[in-house]
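Pasted below: data.tsv, TSV, C-alpha atoms.
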chain	number	residue	atom	x	y	z
A	95	MET	CA	-57.90	-88.03	67.41
A	96	ALA	CA	-60.45	-88.64	70.16
A	97	GLN	CA	-59.67	-87.09	73.49
A	98	ARG	CA	-59.32	-89.60	76.27
A	99	THR	CA	-60.76	-89.09	79.70
A	100	ALA	CA	-58.60	-88.75	82.79
A	101	ALA	CA	-59.79	-92.12	83.97
A	102	GLU	CA	-58.44	-93.65	80.77
A	103	GLN	CA	-55.15	-91.83	81.19
A	104	SER	CA	-53.33	-93.70	83.91
A	105	PRO	CA	-49.97	-92.41	85.10
A	106	ASP	CA	-48.44	-95.29	83.15
A	107	ASP	CA	-49.66	-93.68	79.94
A	108	PHE	CA	-46.83	-91.23	80.29
A	109	GLU	CA	-44.57	-93.96	78.97
A	110	LYS	CA	-46.60	-94.44	75.82
A	111	VAL	CA	-45.82	-91.26	73.92
A	112	SER	CA	-44.27	-92.17	70.61
A	113	GLU	CA	-40.55	-92.63	70.94
A	114	ASN	CA	-40.20	-91.78	67.27
A	115	VAL	CA	-40.96	-88.14	67.93
A	116	PRO	CA	-37.78	-86.09	68.23
A	117	LEU	CA	-38.71	-83.70	71.00
A	118	ASN	CA	-36.50	-80.87	69.87
A	119	ASP	CA	-38.10	-80.60	66.45
A	120	ILE	CA	-41.72	-81.60	66.48
A	121	SER	CA	-44.73	-80.52	64.51
A	122	ALA	CA	-47.73	-78.69	65.93
A	123	ALA	CA	-49.75	-81.90	65.67
A	124	ASP	CA	-47.15	-83.83	67.68
A	125	PHE	CA	-47.03	-81.13	70.32
A	126	ALA	CA	-50.84	-81.14	70.52
A	127	GLU	CA	-50.66	-84.88	71.13
A	128	ILE	CA	-48.16	-84.35	73.95
A	129	VAL	CA	-50.51	-81.77	75.48
A	130	ARG	CA	-53.43	-84.20	75.22
A	131	ARG	CA	-51.50	-86.95	76.95
A	132	HIS	CA	-50.31	-84.83	79.85
A	133	GLN	CA	-53.06	-82.28	80.28
A	134	SER	CA	-55.13	-84.15	82.86
A	135	ALA	CA	-52.10	-84.70	85.11
A	136	VAL	CA	-50.93	-81.09	84.92
A	137	PHE	CA	-54.43	-79.65	85.19
A	138	SER	CA	-55.32	-81.90	88.15
A	139	ILE	CA	-52.20	-81.03	90.14
A	140	ALA	CA	-53.08	-77.36	89.70
A	141	LEU	CA	-56.76	-77.93	90.43
A	142	HIS	CA	-56.15	-79.89	93.62
A	143	PHE	CA	-53.63	-77.34	94.77
A	144	LEU	CA	-55.54	-74.16	93.89
A	145	ALA	CA	-59.14	-75.45	94.21
A	146	ASP	CA	-60.08	-73.08	91.39
A	147	ARG	CA	-60.84	-74.47	87.91
A	148	SER	CA	-60.15	-71.34	85.89
A	149	ALA	CA	-56.93	-70.59	87.75
A	150	ALA	CA	-55.87	-74.22	87.32
A	151	GLU	CA	-56.55	-74.06	83.58
A	152	GLU	CA	-54.62	-70.83	83.19
A	153	LEU	CA	-51.70	-72.26	85.11
A	154	ALA	CA	-51.76	-75.52	83.16
A	155	GLN	CA	-51.76	-73.61	79.87
A	156	ASP	CA	-48.76	-71.61	81.06
A	157	VAL	CA	-46.94	-74.84	81.90
A	158	PHE	CA	-47.47	-76.17	78.37
A	159	LEU	CA	-46.35	-72.89	76.83
A	160	GLN	CA	-43.19	-73.16	78.90
A	161	LEU	CA	-42.80	-76.76	77.76
A	162	HIS	CA	-43.10	-75.66	74.13
A	163	ALA	CA	-40.38	-73.08	74.67
A	164	ASN	CA	-38.15	-75.72	76.29
A	165	LEU	CA	-38.79	-78.70	74.03
A	166	ALA	CA	-35.22	-78.69	72.80
A	167	THR	CA	-33.99	-79.41	76.33
A	168	MET	CA	-36.21	-82.47	76.82
A	169	LYS	CA	-34.04	-85.58	76.79
A	170	SER	CA	-36.69	-88.27	77.03
A	171	GLU	CA	-40.32	-88.93	77.82
A	172	ASP	CA	-39.42	-89.59	81.46
A	173	HIS	CA	-37.53	-86.34	81.60
A	174	MET	CA	-40.52	-84.48	80.18
A	175	LYS	CA	-42.86	-86.11	82.70
A	176	PHE	CA	-40.54	-85.16	85.54
A	177	TRP	CA	-40.16	-81.64	84.13
A	178	LEU	CA	-43.92	-81.12	83.81
A	179	ARG	CA	-44.61	-82.19	87.38
A	180	LYS	CA	-41.77	-80.06	88.70
A	181	VAL	CA	-42.73	-76.93	86.77
A	182	THR	CA	-46.40	-77.38	87.65
A	183	ALA	CA	-45.60	-77.78	91.33
A	184	HIS	CA	-43.37	-74.72	91.44
A	185	ARG	CA	-45.81	-72.63	89.43
A	186	CYS	CA	-48.58	-73.62	91.85
A	187	ILE	CA	-46.56	-72.28	94.78
A	188	ASP	CA	-45.65	-69.10	92.87
A	189	TYR	CA	-49.25	-68.56	91.83
A	190	LYS	CA	-50.51	-69.00	95.36
A	191	ARG	CA	-47.93	-66.62	96.77
A	192	ARG	CA	-48.69	-63.98	94.13
A	193	ARG	CA	-52.45	-64.16	94.38
A	194	LYS	CA	-52.79	-64.96	98.07
A	195	LEU	CA	-55.91	-67.04	97.49
A	196	PRO	CA	-58.19	-67.38	100.52
A	197	GLN	CA	-57.72	-70.62	102.42
A	198	VAL	CA	-60.70	-72.82	103.12
A	199	SER	CA	-61.25	-72.81	106.85
A	200	LEU	CA	-61.94	-76.22	108.32
A	201	ASP	CA	-64.58	-74.66	110.55
A	202	ASP	CA	-66.45	-73.45	107.46
A	203	ALA	CA	-66.52	-76.85	105.83
A	204	PRO	CA	-70.08	-78.23	105.86
A	205	GLU	CA	-70.77	-81.41	107.77
A	206	PRO	CA	-71.58	-84.47	105.66
A	207	ALA	CA	-75.24	-85.46	105.53
A	208	ALA	CA	-74.62	-89.14	106.21
A	209	PRO	CA	-71.92	-91.54	107.37
A	210	ALA	CA	-69.51	-92.20	104.57
A	211	HIS	CA	-67.43	-94.98	103.12
A	212	SER	CA	-64.23	-94.86	101.11
A	213	THR	CA	-65.86	-93.89	97.78
A	214	ASP	CA	-68.41	-91.56	99.30
A	215	PRO	CA	-68.43	-88.22	97.49
A	216	PHE	CA	-68.91	-86.42	100.80
A	217	LEU	CA	-65.79	-88.01	102.21
A	218	ALA	CA	-63.91	-87.25	98.99
A	219	ARG	CA	-64.96	-83.61	99.13
A	220	ARG	CA	-64.06	-83.40	102.79
A	221	LEU	CA	-60.64	-84.91	102.13
A	222	ARG	CA	-60.00	-82.46	99.28
A	223	GLN	CA	-60.89	-79.61	101.62
A	224	TYR	CA	-58.52	-80.91	104.27
A	225	VAL	CA	-55.73	-81.39	101.75
A	226	GLY	CA	-56.46	-77.89	100.44
A	227	SER	CA	-56.06	-76.48	103.93
A	228	LEU	CA	-52.55	-77.91	104.33
A	229	PRO	CA	-49.56	-75.56	103.95
A	230	GLU	CA	-48.17	-75.33	100.40
A	231	LYS	CA	-45.36	-77.89	100.52
A	232	PRO	CA	-47.21	-80.64	102.41
A	233	ARG	CA	-50.19	-80.07	100.12
A	234	LEU	CA	-48.08	-80.63	97.04
A	235	VAL	CA	-46.51	-83.69	98.62
A	236	MET	CA	-49.96	-85.18	99.23
A	237	ILE	CA	-51.17	-84.34	95.70
A	238	LEU	CA	-48.11	-85.87	94.06
A	239	ARG	CA	-48.34	-88.92	96.32
A	240	TYR	CA	-52.03	-89.67	95.94
A	241	GLN	CA	-52.96	-88.14	92.58
A	242	GLU	CA	-49.81	-89.09	90.68
A	243	ASP	CA	-49.01	-92.17	92.79
A	244	MET	CA	-45.41	-91.04	93.09
A	245	PRO	CA	-42.99	-92.62	95.58
A	246	ALA	CA	-41.47	-90.35	98.21
A	247	GLU	CA	-38.07	-90.44	96.47
A	248	ASP	CA	-39.51	-89.00	93.25
A	249	ILE	CA	-41.49	-86.37	95.14
A	250	ALA	CA	-38.31	-85.29	96.87
A	251	GLU	CA	-36.65	-84.87	93.49
A	252	VAL	CA	-39.55	-82.98	91.92
A	253	LEU	CA	-39.88	-80.60	94.86
A	254	THR	CA	-36.11	-80.40	95.48
A	255	MET	CA	-36.68	-81.37	99.07
A	256	PRO	CA	-34.86	-83.85	101.34
A	257	LEU	CA	-36.43	-87.31	101.36
A	258	ALA	CA	-36.81	-87.19	105.13
A	259	THR	CA	-38.82	-83.99	104.84
A	260	VAL	CA	-41.14	-85.56	102.27
A	261	LYS	CA	-41.71	-88.58	104.52
A	262	SER	CA	-42.29	-86.32	107.47
A	263	HIS	CA	-44.85	-84.26	105.52
A	264	LEU	CA	-46.65	-87.43	104.48
A	265	GLN	CA	-46.79	-88.86	107.99
A	266	ARG	CA	-47.90	-85.62	109.60
A	267	SER	CA	-50.48	-84.85	106.94
A	268	LEU	CA	-51.93	-88.36	107.12
A	269	ALA	CA	-52.13	-88.17	110.91
A	270	MET	CA	-53.82	-84.77	110.69
A	271	LEU	CA	-56.28	-85.98	108.06
A	272	ARG	CA	-57.11	-89.09	110.06
A	273	GLU	CA	-57.81	-87.00	113.13
A	274	LYS	CA	-59.96	-84.49	111.22
A	275	VAL	CA	-61.91	-87.15	109.36
A	276	THR	CA	-62.48	-89.18	112.48
A	277	ARG	CA	-63.67	-86.12	114.36
A	278	ALA	CA	-65.97	-85.00	111.57
A	279	ILE	CA	-67.31	-88.22	110.17
A	280	GLY	CA	-66.56	-90.90	112.69
A	281	GLU	CA	-64.37	-93.91	113.15
A	282	VAL	CA	-66.70	-96.10	111.08
A	283	SER	CA	-65.93	-94.32	107.87
A	284	LEU	CA	-62.31	-95.36	107.63
B	347	MET	CA	-59.84	-102.83	112.61
B	348	THR	CA	-56.05	-102.73	112.77
B	349	ASP	CA	-54.09	-99.51	112.40
B	350	MET	CA	-52.66	-100.82	109.15
B	351	ASN	CA	-56.13	-101.40	107.72
B	352	LYS	CA	-57.20	-97.94	108.80
B	353	GLN	CA	-54.13	-96.47	107.17
B	354	ASN	CA	-54.82	-98.34	103.94
B	355	ARG	CA	-58.45	-97.21	103.90
B	356	LEU	CA	-57.45	-93.60	104.45
B	357	GLU	CA	-54.91	-93.84	101.65
B	358	ASP	CA	-57.50	-95.42	99.34
B	359	ALA	CA	-59.94	-92.64	100.18
B	360	LEU	CA	-57.26	-90.06	99.41
B	361	LYS	CA	-56.50	-91.65	96.05
B	362	HIS	CA	-60.18	-91.52	95.24
B	363	ALA	CA	-60.52	-87.91	96.41
B	364	LEU	CA	-57.43	-86.75	94.53
B	365	HIS	CA	-57.90	-88.74	91.33
B	366	ARG	CA	-57.07	-86.99	88.08
B	367	GLN	CA	-59.71	-84.71	86.67
B	368	ASP	CA	-60.32	-84.16	82.97
B	369	ALA	CA	-58.99	-80.89	81.65
B	370	PRO	CA	-61.62	-78.70	79.98
B	371	GLU	CA	-62.73	-80.09	76.62
B	372	ASP	CA	-61.00	-77.52	74.42
B	373	PHE	CA	-57.88	-77.28	76.55
B	374	THR	CA	-55.52	-78.56	73.85
B	375	GLN	CA	-56.89	-76.15	71.25
B	376	ARG	CA	-56.47	-73.23	73.64
B	377	VAL	CA	-52.89	-74.19	74.37
B	378	MET	CA	-52.14	-74.51	70.67
B	379	ALA	CA	-53.77	-71.15	69.98
B	380	ARG	CA	-51.55	-69.56	72.62
B	381	VAL	CA	-48.47	-71.31	71.22
B	382	THR	CA	-49.28	-69.93	67.76
B	383	ALA	CA	-50.01	-66.44	69.10
B	384	GLN	CA	-46.79	-66.46	71.08
B	385	GLY	CA	-44.85	-67.46	67.95
B	386	ILE	CA	-46.33	-64.53	66.03
B	387	ALA	CA	-45.71	-62.12	68.90
B	388	SER	CA	-42.08	-63.14	69.28
B	389	ALA	CA	-41.57	-62.92	65.52
B	390	ALA	CA	-42.83	-59.32	65.65
B	391	SER	CA	-40.70	-58.36	68.65
B	392	PRO	CA	-38.30	-55.41	68.22
B	393	ARG	CA	-35.29	-57.60	69.00
B	394	PHE	CA	-36.31	-60.13	66.36
B	395	LEU	CA	-36.75	-57.34	63.80
B	396	ALA	CA	-33.43	-55.77	64.72
B	397	ASN	CA	-31.70	-59.10	64.24
B	398	ARG	CA	-33.43	-59.76	60.94
B	399	LEU	CA	-32.79	-56.33	59.49
B	400	HIS	CA	-29.17	-56.08	60.60
B	401	PRO	CA	-26.79	-56.31	57.62
B	402	ALA	CA	-25.01	-59.18	59.30
B	403	ALA	CA	-28.19	-61.19	58.97
B	404	TYR	CA	-27.83	-61.22	55.20
B	405	PRO	CA	-25.56	-63.93	53.86
B	406	LEU	CA	-22.57	-62.69	51.92
B	407	GLY	CA	-20.73	-64.48	49.19
B	408	ARG	CA	-16.99	-64.49	48.79
B	409	SER	CA	-15.43	-61.29	50.01
B	410	GLY	CA	-12.07	-59.70	49.44
B	411	ARG	CA	-10.62	-58.95	46.04
B	412	GLY	CA	-13.06	-61.11	44.17
B	413	ARG	CA	-16.62	-60.31	43.30
B	414	ARG	CA	-18.66	-59.62	46.39
B	415	ARG	CA	-21.98	-61.28	46.00
B	416	HIS	CA	-24.83	-60.06	48.11
B	417	ASP	CA	-27.78	-62.35	48.43
B	418	PHE	CA	-30.68	-59.96	48.22
B	419	ARG	CA	-33.18	-62.56	49.22
B	420	SER	CA	-34.52	-61.88	52.64
B	421	PRO	CA	-33.21	-64.37	55.18
B	422	LEU	CA	-36.83	-64.81	56.09
B	423	LEU	CA	-37.34	-66.78	52.89
B	424	HIS	CA	-35.06	-69.47	54.22
B	425	ARG	CA	-37.14	-69.96	57.30
B	426	ALA	CA	-39.86	-72.49	57.97
B	427	PRO	CA	-43.37	-71.81	56.60
B	428	ARG	CA	-44.75	-71.24	60.10
B	429	THR	CA	-42.18	-68.57	60.79
B	430	ARG	CA	-42.89	-66.99	57.42
B	431	SER	CA	-46.60	-66.80	58.19
B	432	GLY	CA	-45.67	-65.13	61.48
B	433	GLU	CA	-43.50	-62.72	59.57
B	434	ALA	CA	-46.34	-61.96	57.17
B	435	ALA	CA	-48.58	-61.21	60.13
B	436	LYS	CA	-45.88	-58.94	61.52
B	437	GLN	CA	-45.60	-57.09	58.22
B	438	ARG	CA	-49.35	-56.50	58.19
B	439	LEU	CA	-49.19	-55.28	61.77
B	440	MET	CA	-46.34	-52.90	60.97
B	441	LEU	CA	-48.23	-51.56	57.95
B	442	ALA	CA	-51.33	-51.02	60.08
B	443	LEU	CA	-49.23	-49.18	62.65
B	444	ARG	CA	-47.69	-46.96	59.98
B	445	VAL	CA	-51.12	-46.15	58.52
B	446	ALA	CA	-52.49	-45.40	61.97
B	447	GLY	CA	-49.44	-43.26	62.73
B	448	SER	CA	-49.77	-41.21	59.54
B	449	LYS	CA	-53.48	-40.68	60.17
B	450	LEU	CA	-52.66	-39.53	63.67
B	451	GLN	CA	-50.10	-37.08	62.31
B	452	LEU	CA	-52.65	-35.79	59.83
B	453	ALA	CA	-55.30	-35.33	62.51
B	454	LYS	CA	-52.77	-33.60	64.73
B	455	ALA	CA	-51.75	-31.25	61.92
B	456	LYS	CA	-55.40	-30.40	61.20
B	457	SER	CA	-56.15	-29.70	64.83
B	458	THR	CA	-53.19	-27.32	65.19
B	459	ARG	CA	-54.24	-25.32	62.12

Could you show the structure in this file as structure tokens?
Amino acid sequence: MAQRTAAEQSPDDFEKVSENVPLNDISAADFAEIVRRHQSAVFSIALHFLADRSAAEELAQDVFLQLHANLATMKSEDHMKFWLRKVTAHRCIDYKRRRKLPQVSLDDAPEPAAPAHSTDPFLARRLRQYVGSLPEKPRLVMILRYQEDMPAEDIAEVLTMPLATVKSHLQRSLAMLREKVTRAIGEVSL
Amino acid sequence: MTDMNKQNRLEDALKHALHRQDAPEDFTQRVMARVTAQGIASAASPRFLANRLHPAAYPLGRSGRGRRRHDFRSPLLHRAPRTRSGEAAKQRLMLALRVAGSKLQLAKAKSTR
């Protein structure tokens, strides 16, 4: 089966895994298909959080191994999607706390070469750096909100956090990002 | 530009910046290799062996005054092919360990002479 790109795998694709597959007793081929369908989401959450491709891959592999060990407890495709995001998010925080990865200082971030617009790669890189510099919980909230397009209610459930806290993280992070981007790139860009 | 427009543009830029990335090309194969390796490792774990080799693991026929039938087939034969291949790998590993152990004993005996 051809591997699809992340661009082809929209979040809605999560719904499309065969409902005929009993999740508590599946073949290796079926499990490989589940991995293929979810790998870009899991890998990208880890990558955006850790900003380290090899660490993100290792973490994502661990998540799928854990999924394999817990397949019998999966009640539905939605449950598995929720479970994967939750386990990935919590593993990201654990990984970060164990390894104490160096944070990217905003002062060290290079200035963009030219004014940017919304799809400018310089702006995208700058935004990823800013998101990467957020504290752990707000960073995960931003990744789940803007990578996975999750509503605040779902984020609160995945991160076992009060809804008000999620909303507060979103508002504060957006305000901080706006200020940083405006200072670095200029009002024109956004 | 209104604040709402600015907000929307920032959010669009964030979605673009944080869009999903492709996992490495052979990601699925690596996960499956680890799943397989983990299955073999757990099949060769001491606890697994202890459970398998315990007399209680062998199914017994009718007990009591009547004939007591012992099923001498290993319970492993009843298991799925994947588990059996893991068991075969475990047996080979155990044999290799025994051979290595006996060679070590031999070398030790020679060195003390």

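For the atom pair formed by atom CA of Gln451 of chain B and atom CA of Gly432 of chain B, the distance is 28.4 Å, given to one decimal.
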
Separation of atom CA of Glu242 of chain A from atom CA of Ser138 of chain A, in Å and rounded to one decimal: 9.4 Å

Check which residues of chain B sit at most 9 Å from chain A using all atoms listed in the file, and return one row each with the closest pair of atoms and their distance in Å to one decimal, ordered by chain and rising number, as a tab-separated table.
residue	atom	partner	partner_atom	distance
B:Asn351	CA	A:Leu284	CA	8.6
B:Lys352	CA	A:Leu284	CA	5.8
B:Gln353	CA	A:Leu284	CA	8.3
B:Asn354	CA	A:Leu284	CA	8.9
B:Arg355	CA	A:Leu284	CA	5.7
B:Leu356	CA	A:Leu284	CA	6.1
B:Glu357	CA	A:Tyr240	CA	7.6
B:Asp358	CA	A:Ser212	CA	7.0
B:Ala359	CA	A:Ser212	CA	4.9
B:Leu360	CA	A:Tyr240	CA	6.3
B:Lys361	CA	A:Tyr240	CA	4.9
B:His362	CA	A:Thr213	CA	6.7
B:Ala363	CA	A:Ala218	CA	4.3
B:Leu364	CA	A:Gln241	CA	5.1
B:His365	CA	A:Gln241	CA	5.1
B:Arg366	CA	A:Ser138	CA	5.4
B:Gln367	CA	A:Ser138	CA	5.4
B:Asp368	CA	A:Ala100	CA	4.9
B:Ala369	CA	A:Ser134	CA	5.2
B:Pro370	CA	A:Glu151	CA	7.8
B:Glu371	CA	A:Gln97	CA	8.3
B:Phe373	CA	A:Glu151	CA	7.8
B:Thr374	CA	A:Arg130	CA	6.2
B:Gln375	CA	A:Ala126	CA	7.9
B:Arg376	CA	A:Gln155	CA	7.8
B:Val377	CA	A:Gln155	CA	5.6
B:Met378	CA	A:Ala126	CA	6.8
B:Arg380	CA	A:Leu159	CA	7.5
B:Val381	CA	A:Leu159	CA	6.2
B:Gln384	CA	A:Leu159	CA	8.6

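Taking atom CA of Arg459 of chain B and atom CA of Ala446 of chain B as the two end points, the separation is 20.2 Å.
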
Long-range neighbours of Pro232 of chain A as a list in words, 8 Å cut-off, only C-alpha atoms, 4 positions minimum in chain: Leu228, Met236, Val260, His263, Leu264 and Ser267 of chain A

Within 7 Å of (-40.0, -89.0, 99.6), in the coordinates the file gives, what residues turn up when you count all atoms listed in the file, written out as a list in words?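 Checked against the point, the hits come out as Pro245, Ala246, Glu247, Asp248, Ile249, Ala250, Leu257, Ala258, Val260 and Lys261 of chain A.
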